[in-house]
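J.: I am sharing my_file_8.json, which consists of JSON, N, CA and C atoms:
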```json
[["chain", "number", "residue", "atom", "x", "y", "z"],
["A", 495, "MET", "N", -4.85, -1.99, -14.82],
["A", 495, "MET", "CA", -5.56, -3.20, -14.42],
["A", 495, "MET", "C", -5.02, -3.68, -13.07],
["A", 496, "LYS", "N", -5.93, -4.13, -12.25],
["A", 496, "LYS", "CA", -5.56, -4.67, -10.95],
["A", 496, "LYS", "C", -5.34, -6.17, -11.07],
["A", 497, "LYS", "N", -4.52, -6.67, -10.19],
["A", 497, "LYS", "CA", -4.33, -8.11, -10.07],
["A", 497, "LYS", "C", -5.48, -8.63, -9.22],
["A", 498, "VAL", "N", -6.13, -9.71, -9.65],
["A", 498, "VAL", "CA", -7.22, -10.30, -8.90],
["A", 498, "VAL", "C", -6.84, -11.71, -8.50],
["A", 499, "ILE", "N", -6.98, -11.99, -7.21],
["A", 499, "ILE", "CA", -6.76, -13.35, -6.72],
["A", 499, "ILE", "C", -8.04, -13.82, -6.04],
["A", 500, "THR", "N", -8.25, -15.11, -6.06],
["A", 500, "THR", "CA", -9.43, -15.69, -5.41],
["A", 500, "THR", "C", -8.98, -16.57, -4.25],
["A", 501, "THR", "N", -9.92, -16.83, -3.37],
["A", 501, "THR", "CA", -9.63, -17.63, -2.19],
["A", 501, "THR", "C", -10.34, -18.99, -2.29],
["A", 502, "LEU", "N", -10.01, -19.86, -1.37],
["A", 502, "LEU", "CA", -10.61, -21.19, -1.35],
["A", 502, "LEU", "C", -12.14, -21.14, -1.26],
["A", 503, "PRO", "N", -12.73, -20.26, -0.44],
["A", 503, "PRO", "CA", -14.21, -20.21, -0.44],
["A", 503, "PRO", "C", -14.80, -19.90, -1.82],
["A", 504, "VAL", "N", -14.12, -19.13, -2.62],
["A", 504, "VAL", "CA", -14.59, -18.83, -3.98],
["A", 504, "VAL", "C", -14.56, -20.10, -4.82],
["A", 505, "ASP", "N", -13.45, -20.83, -4.74],
["A", 505, "ASP", "CA", -13.33, -22.08, -5.49],
["A", 505, "ASP", "C", -14.44, -23.06, -5.11],
["A", 506, "ILE", "N", -14.74, -23.13, -3.82],
["A", 506, "ILE", "CA", -15.79, -24.03, -3.35],
["A", 506, "ILE", "C", -17.16, -23.55, -3.85],
["A", 507, "ALA", "N", -17.43, -22.25, -3.76],
["A", 507, "ALA", "CA", -18.72, -21.72, -4.21],
["A", 507, "ALA", "C", -18.92, -21.93, -5.71],
["A", 508, "LEU", "N", -17.85, -21.81, -6.48],
["A", 508, "LEU", "CA", -17.96, -22.01, -7.93],
["A", 508, "LEU", "C", -18.41, -23.42, -8.27],
["A", 509, "ARG", "N", -18.03, -24.39, -7.46],
["A", 509, "ARG", "CA", -18.42, -25.78, -7.71],
["A", 509, "ARG", "C", -19.93, -25.98, -7.57],
["A", 510, "ALA", "N", -20.58, -25.10, -6.82],
["A", 510, "ALA", "CA", -22.02, -25.22, -6.60],
["A", 510, "ALA", "C", -22.84, -24.54, -7.70],
["A", 511, "LEU", "N", -22.16, -23.80, -8.57],
["A", 511, "LEU", "CA", -22.87, -23.08, -9.63],
["A", 511, "LEU", "C", -22.92, -23.88, -10.91],
["A", 512, "ASP", "N", -23.93, -23.61, -11.71],
["A", 512, "ASP", "CA", -23.99, -24.22, -13.03],
["A", 512, "ASP", "C", -23.00, -23.50, -13.96],
["A", 513, "THR", "N", -22.86, -24.01, -15.16],
["A", 513, "THR", "CA", -21.89, -23.46, -16.11],
["A", 513, "THR", "C", -22.13, -21.97, -16.37],
["A", 514, "ASP", "N", -23.38, -21.59, -16.51],
["A", 514, "ASP", "CA", -23.70, -20.19, -16.76],
["A", 514, "ASP", "C", -23.32, -19.31, -15.55],
["A", 515, "GLY", "N", -23.57, -19.81, -14.36],
["A", 515, "GLY", "CA", -23.21, -19.07, -13.15],
["A", 515, "GLY", "C", -21.71, -18.86, -13.03],
["A", 516, "VAL", "N", -20.95, -19.90, -13.33],
["A", 516, "VAL", "CA", -19.48, -19.79, -13.30],
["A", 516, "VAL", "C", -19.01, -18.77, -14.32],
["A", 517, "ARG", "N", -19.59, -18.81, -15.51],
["A", 517, "ARG", "CA", -19.23, -17.84, -16.56],
["A", 517, "ARG", "C", -19.49, -16.42, -16.09],
["A", 518, "LYS", "N", -20.64, -16.21, -15.45],
["A", 518, "LYS", "CA", -21.00, -14.88, -14.96],
["A", 518, "LYS", "C", -20.01, -14.40, -13.89],
["A", 519, "VAL", "N", -19.65, -15.29, -12.99],
["A", 519, "VAL", "CA", -18.70, -14.90, -11.93],
["A", 519, "VAL", "C", -17.37, -14.48, -12.55],
["A", 520, "TYR", "N", -16.86, -15.27, -13.48],
["A", 520, "TYR", "CA", -15.58, -14.90, -14.12],
["A", 520, "TYR", "C", -15.69, -13.60, -14.90],
["A", 521, "ALA", "N", -16.84, -13.34, -15.50],
["A", 521, "ALA", "CA", -17.03, -12.06, -16.20],
["A", 521, "ALA", "C", -16.98, -10.91, -15.20],
["A", 522, "TRP", "N", -17.61, -11.07, -14.04],
["A", 522, "TRP", "CA", -17.58, -10.01, -13.03],
["A", 522, "TRP", "C", -16.19, -9.84, -12.44],
["A", 523, "VAL", "N", -15.47, -10.94, -12.30],
["A", 523, "VAL", "CA", -14.09, -10.84, -11.82],
["A", 523, "VAL", "C", -13.25, -10.03, -12.81],
["A", 524, "ASP", "N", -13.51, -10.22, -14.09],
["A", 524, "ASP", "CA", -12.81, -9.41, -15.11],
["A", 524, "ASP", "C", -13.17, -7.93, -14.97],
["A", 525, "HIS", "N", -14.42, -7.65, -14.64],
["A", 525, "HIS", "CA", -14.82, -6.26, -14.40],
["A", 525, "HIS", "C", -14.08, -5.69, -13.19],
["A", 526, "LEU", "N", -13.94, -6.50, -12.14],
["A", 526, "LEU", "CA", -13.19, -6.05, -10.96],
["A", 526, "LEU", "C", -11.75, -5.72, -11.33],
["A", 527, "ARG", "N", -11.17, -6.53, -12.20],
["A", 527, "ARG", "CA", -9.79, -6.32, -12.63],
["A", 527, "ARG", "C", -9.62, -4.91, -13.21],
["A", 528, "ASN", "N", -10.67, -4.41, -13.84],
["A", 528, "ASN", "CA", -10.65, -3.07, -14.44],
["A", 528, "ASN", "C", -11.30, -2.05, -13.49],
["A", 529, "TRP", "N", -11.07, -2.22, -12.21],
["A", 529, "TRP", "CA", -11.67, -1.39, -11.16],
["A", 529, "TRP", "C", -11.58, 0.11, -11.47],
["A", 530, "ASP", "N", -10.41, 0.57, -11.83],
["A", 530, "ASP", "CA", -10.19, 2.00, -12.06],
["A", 530, "ASP", "C", -10.98, 2.53, -13.26],
["A", 531, "GLY", "N", -11.26, 1.69, -14.24],
["A", 531, "GLY", "CA", -11.94, 2.14, -15.45],
["A", 531, "GLY", "C", -13.39, 1.72, -15.56],
["A", 532, "ASP", "N", -13.91, 0.99, -14.57],
["A", 532, "ASP", "CA", -15.27, 0.47, -14.66],
["A", 532, "ASP", "C", -16.16, 1.15, -13.62],
["A", 533, "GLU", "N", -16.88, 2.17, -14.07],
["A", 533, "GLU", "CA", -17.72, 2.95, -13.15],
["A", 533, "GLU", "C", -18.83, 2.11, -12.54],
["A", 534, "PHE", "N", -19.41, 1.19, -13.30],
["A", 534, "PHE", "CA", -20.48, 0.35, -12.77],
["A", 534, "PHE", "C", -19.99, -0.43, -11.55],
["A", 535, "VAL", "N", -18.83, -1.04, -11.68],
["A", 535, "VAL", "CA", -18.28, -1.84, -10.59],
["A", 535, "VAL", "C", -18.02, -0.97, -9.36],
["A", 536, "ARG", "N", -17.46, 0.20, -9.57],
["A", 536, "ARG", "CA", -17.17, 1.08, -8.43],
["A", 536, "ARG", "C", -18.44, 1.58, -7.75],
["A", 537, "THR", "N", -19.46, 1.95, -8.54],
["A", 537, "THR", "CA", -20.68, 2.50, -7.95],
["A", 537, "THR", "C", -21.57, 1.42, -7.35],
["A", 538, "HIS", "N", -21.40, 0.18, -7.75],
["A", 538, "HIS", "CA", -22.22, -0.91, -7.21],
["A", 538, "HIS", "C", -21.47, -1.74, -6.16],
["A", 539, "SER", "N", -20.32, -1.26, -5.73],
["A", 539, "SER", "CA", -19.56, -1.91, -4.67],
["A", 539, "SER", "C", -19.67, -1.05, -3.41],
["A", 540, "HIS", "N", -20.01, -1.70, -2.31],
["A", 540, "HIS", "CA", -20.23, -0.98, -1.06],
["A", 540, "HIS", "C", -19.49, -1.68, 0.07],
["A", 541, "SER", "N", -18.95, -0.89, 0.99],
["A", 541, "SER", "CA", -18.25, -1.49, 2.12],
["A", 541, "SER", "C", -19.28, -2.15, 3.05],
["A", 542, "LEU", "N", -18.85, -3.24, 3.66],
["A", 542, "LEU", "CA", -19.72, -3.94, 4.60],
["A", 542, "LEU", "C", -19.58, -3.32, 5.97],
["A", 543, "GLU", "N", -20.69, -2.94, 6.54],
["A", 543, "GLU", "CA", -20.69, -2.36, 7.87],
["A", 543, "GLU", "C", -20.20, -3.40, 8.87],
["A", 544, "GLY", "N", -19.24, -3.02, 9.68],
["A", 544, "GLY", "CA", -18.72, -3.91, 10.71],
["A", 544, "GLY", "C", -17.64, -4.86, 10.23],
["A", 545, "VAL", "N", -17.30, -4.82, 8.95],
["A", 545, "VAL", "CA", -16.25, -5.68, 8.42],
["A", 545, "VAL", "C", -15.26, -4.77, 7.69],
["A", 546, "SER", "N", -14.28, -4.31, 8.42],
["A", 546, "SER", "CA", -13.35, -3.32, 7.90],
["A", 546, "SER", "C", -12.63, -3.79, 6.63],
["A", 547, "GLY", "N", -12.68, -2.94, 5.60],
["A", 547, "GLY", "CA", -11.94, -3.19, 4.38],
["A", 547, "GLY", "C", -12.56, -4.18, 3.41],
["A", 548, "VAL", "N", -13.74, -4.69, 3.73],
["A", 548, "VAL", "CA", -14.40, -5.67, 2.85],
["A", 548, "VAL", "C", -15.56, -4.99, 2.15],
["A", 549, "TYR", "N", -15.67, -5.26, 0.85],
["A", 549, "TYR", "CA", -16.70, -4.69, 0.00],
["A", 549, "TYR", "C", -17.54, -5.80, -0.60],
["A", 550, "VAL", "N", -18.75, -5.44, -1.00],
["A", 550, "VAL", "CA", -19.61, -6.36, -1.75],
["A", 550, "VAL", "C", -19.98, -5.68, -3.05],
["A", 551, "LEU", "N", -19.80, -6.41, -4.14],
["A", 551, "LEU", "CA", -20.23, -5.94, -5.45],
["A", 551, "LEU", "C", -21.60, -6.53, -5.71],
["A", 552, "LYS", "N", -22.60, -5.67, -5.84],
["A", 552, "LYS", "CA", -23.94, -6.10, -6.19],
["A", 552, "LYS", "C", -24.02, -6.08, -7.72],
["A", 553, "THR", "N", -23.87, -7.23, -8.33],
["A", 553, "THR", "CA", -23.86, -7.32, -9.78],
["A", 553, "THR", "C", -25.26, -7.10, -10.32],
["A", 554, "SER", "N", -25.37, -7.02, -11.63],
["A", 554, "SER", "CA", -26.69, -6.86, -12.25],
["A", 554, "SER", "C", -27.46, -8.18, -12.27],
["A", 555, "THR", "N", -26.86, -9.24, -11.78],
["A", 555, "THR", "CA", -27.53, -10.53, -11.63],
["A", 555, "THR", "C", -27.74, -10.76, -10.13],
["A", 556, "ASP", "N", -28.09, -11.98, -9.73],
["A", 556, "ASP", "CA", -28.28, -12.26, -8.31],
["A", 556, "ASP", "C", -26.98, -12.64, -7.60],
["A", 557, "ILE", "N", -25.86, -12.50, -8.29],
["A", 557, "ILE", "CA", -24.56, -12.84, -7.72],
["A", 557, "ILE", "C", -24.00, -11.65, -6.95],
["A", 558, "ARG", "N", -23.47, -11.93, -5.76],
["A", 558, "ARG", "CA", -22.79, -10.93, -4.94],
["A", 558, "ARG", "C", -21.34, -11.40, -4.76],
["A", 559, "ILE", "N", -20.41, -10.47, -4.93],
["A", 559, "ILE", "CA", -18.99, -10.79, -4.83],
["A", 559, "ILE", "C", -18.40, -9.99, -3.68],
["A", 560, "PHE", "N", -17.81, -10.68, -2.73],
["A", 560, "PHE", "CA", -17.20, -10.06, -1.57],
["A", 560, "PHE", "C", -15.69, -9.99, -1.81],
["A", 561, "PHE", "N", -15.12, -8.81, -1.59],
["A", 561, "PHE", "CA", -13.71, -8.64, -1.90],
["A", 561, "PHE", "C", -13.08, -7.54, -1.06],
["A", 562, "LYS", "N", -11.75, -7.50, -1.10],
["A", 562, "LYS", "CA", -11.02, -6.39, -0.48],
["A", 562, "LYS", "C", -9.97, -5.91, -1.47],
["A", 563, "ILE", "N", -9.60, -4.66, -1.30],
["A", 563, "ILE", "CA", -8.60, -4.04, -2.18],
["A", 563, "ILE", "C", -7.39, -3.69, -1.33],
["A", 564, "ASP", "N", -6.24, -4.12, -1.80],
["A", 564, "ASP", "CA", -4.99, -3.78, -1.12],
["A", 564, "ASP", "C", -4.01, -3.31, -2.20],
["A", 565, "GLY", "N", -3.93, -2.00, -2.35],
["A", 565, "GLY", "CA", -3.06, -1.43, -3.37],
["A", 565, "GLY", "C", -3.54, -1.80, -4.76],
["A", 566, "ASN", "N", -2.71, -2.54, -5.48],
["A", 566, "ASN", "CA", -3.03, -2.94, -6.85],
["A", 566, "ASN", "C", -3.61, -4.34, -6.94],
["A", 567, "THR", "N", -3.99, -4.91, -5.78],
["A", 567, "THR", "CA", -4.52, -6.28, -5.75],
["A", 567, "THR", "C", -5.92, -6.31, -5.17],
["A", 568, "ILE", "N", -6.80, -7.00, -5.86],
["A", 568, "ILE", "CA", -8.15, -7.26, -5.35],
["A", 568, "ILE", "C", -8.21, -8.74, -5.00],
["A", 569, "THR", "N", -8.59, -9.02, -3.76],
["A", 569, "THR", "CA", -8.75, -10.40, -3.32],
["A", 569, "THR", "C", -10.24, -10.69, -3.21],
["A", 570, "VAL", "N", -10.71, -11.63, -4.02],
["A", 570, "VAL", "CA", -12.11, -12.04, -3.96],
["A", 570, "VAL", "C", -12.21, -13.05, -2.82],
["A", 571, "LEU", "N", -12.97, -12.68, -1.80],
["A", 571, "LEU", "CA", -13.07, -13.48, -0.58],
["A", 571, "LEU", "C", -14.13, -14.56, -0.67],
["A", 572, "ASP", "N", -15.23, -14.23, -1.33],
["A", 572, "ASP", "CA", -16.34, -15.18, -1.42],
["A", 572, "ASP", "C", -17.33, -14.68, -2.46],
["A", 573, "ILE", "N", -18.18, -15.57, -2.91],
["A", 573, "ILE", "CA", -19.28, -15.22, -3.80],
["A", 573, "ILE", "C", -20.53, -15.91, -3.26],
["A", 574, "ALA", "N", -21.66, -15.31, -3.53],
["A", 574, "ALA", "CA", -22.92, -15.92, -3.12],
["A", 574, "ALA", "C", -24.03, -15.37, -3.99],
["A", 575, "LYS", "N", -25.09, -16.13, -4.07],
["A", 575, "LYS", "CA", -26.28, -15.65, -4.75],
["A", 575, "LYS", "C", -27.16, -14.96, -3.71],
["A", 576, "LYS", "N", -27.83, -13.91, -4.14],
["A", 576, "LYS", "CA", -28.66, -13.12, -3.24],
["A", 576, "LYS", "C", -29.64, -13.97, -2.44],
["A", 577, "PRO", "N", -30.36, -14.92, -3.04],
["A", 577, "PRO", "CA", -31.29, -15.73, -2.25],
["A", 577, "PRO", "C", -30.59, -16.50, -1.11],
["A", 578, "SER", "N", -29.37, -16.96, -1.35],
["A", 578, "SER", "CA", -28.64, -17.68, -0.31],
["A", 578, "SER", "C", -28.28, -16.75, 0.83],
["A", 579, "ILE", "N", -27.90, -15.54, 0.51],
["A", 579, "ILE", "CA", -27.55, -14.56, 1.54],
["A", 579, "ILE", "C", -28.79, -14.23, 2.37],
["A", 580, "MET", "N", -29.88, -14.00, 1.69],
["A", 580, "MET", "CA", -31.10, -13.61, 2.39],
["A", 580, "MET", "C", -31.62, -14.74, 3.29],
["A", 581, "SER", "N", -31.45, -16.00, 2.88],
["A", 581, "SER", "CA", -31.95, -17.10, 3.69],
["A", 581, "SER", "C", -31.01, -17.45, 4.85],
["A", 582, "SER", "N", -29.75, -17.04, 4.73],
["A", 582, "SER", "CA", -28.79, -17.38, 5.80],
["A", 582, "SER", "C", -28.70, -16.31, 6.87],
["A", 583, "GLY", "N", -29.17, -15.14, 6.59],
["A", 583, "GLY", "CA", -29.10, -14.05, 7.55],
["A", 583, "GLY", "C", -29.14, -12.73, 6.83],
["A", 584, "TYR", "N", -29.90, -11.82, 7.32],
["A", 584, "TYR", "CA", -30.10, -10.55, 6.65],
["A", 584, "TYR", "C", -28.89, -9.65, 6.80],
["A", 585, "ILE", "N", -28.35, -9.21, 5.69],
["A", 585, "ILE", "CA", -27.25, -8.25, 5.67],
["A", 585, "ILE", "C", -27.74, -7.05, 4.86],
["A", 586, "PRO", "N", -28.05, -5.92, 5.51],
["A", 586, "PRO", "CA", -28.65, -4.80, 4.81],
["A", 586, "PRO", "C", -27.85, -4.31, 3.60],
["A", 587, "GLU", "N", -26.54, -4.35, 3.66],
["A", 587, "GLU", "CA", -25.72, -3.82, 2.59],
["A", 587, "GLU", "C", -25.77, -4.68, 1.33],
["A", 588, "VAL", "N", -26.35, -5.87, 1.41],
["A", 588, "VAL", "CA", -26.30, -6.80, 0.29],
["A", 588, "VAL", "C", -27.63, -6.84, -0.46],
["A", 589, "ARG", "N", -28.56, -6.00, -0.14],
["A", 589, "ARG", "CA", -29.87, -6.00, -0.80],
["A", 589, "ARG", "C", -29.78, -5.96, -2.29]]
```
What is this file in structure tokens?
T.:
Amino acid sequence: MKKVITTLPVDIALRALDTDGVRKVYAWVDHLRNWDGDEFVRTHSHSLEGVSGVYVLKTSTDIRIFFKIDGNTITVLDIAKKPSIMSSGYIPEVR
């Protein structure tokens, strides 16, 4: 299991979600923790073009989780819902 830490932008984004959204994010964070054993998480995580070392996990919901891996630690940098990403600027890797 990997150690997962979150950043201030994640804490702020969680405040904007309803209870169900927060629950979903924490469930996906748990999946990230099991990075080595969770094929879905690995196959649905893609590096962001132009942002070295940063990945986006396209969950089975509209939630996208941005993170980086450093050894045995995953740092969750931010979370967003797909509609918010699409309205703020098109990022092809986040479709």
J.: One decimal, in Å: what's the spacing between atom C of Asp556 (chain A) and atom N of Leu502 (chain A)?
T.: 19.5 Å
J.: What are the DSSP helix (DSSP H, G or I) residues of region 505-551 of chain A, as a VMD selection string?
T.: chain A and resid 505 to 509 513 to 527 529 to 531 533 to 537
J.: Between A:Ile506, A:Ile557, A:Val550, A:Val498, which one has atoms that come closest to Lys518 (chain A), using all atoms listed in the file?
T.: A:Ile557
J.: Using all atoms listed in the file, can you tell me which of A:Phe560, A:Lys552, A:Lys496, A:Ile568 comes closest to Asp530 (chain A)?
T.: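 Checking each of A:Phe560, A:Lys552, A:Lys496, A:Ile568 against Asp530 (chain A), counting all atoms listed in the file, the winner is A:Lys496.
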J.: Could you check which of A:Val570, A:Arg509, A:Val519, A:Ile559 is closest to His538 (chain A), using only C-alpha atoms?
T.: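 Selected residue with least distance to His538 (chain A): A:Ile559.
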J.: In Å to one decimal, how far is CA of Asp512 (chain A) from CA of Asp524 (chain A)?
T.: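 These two atoms are separated by 18.7 Å.
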J.: Could you work out how far atom C of Arg558 (chain A) lies from atom C of Leu571 (chain A), giving the answer in Å with one decimal?
T.: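 Atom C of Leu571 (chain A) sits 8.9 Å away from atom C of Arg558 (chain A).
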J.: Here is a test: counting only C-alpha atoms, which residue of A:Asn528, A:Thr569, A:Thr513, A:Thr553 is nearest to His540 (chain A)?
T.: A:Thr553
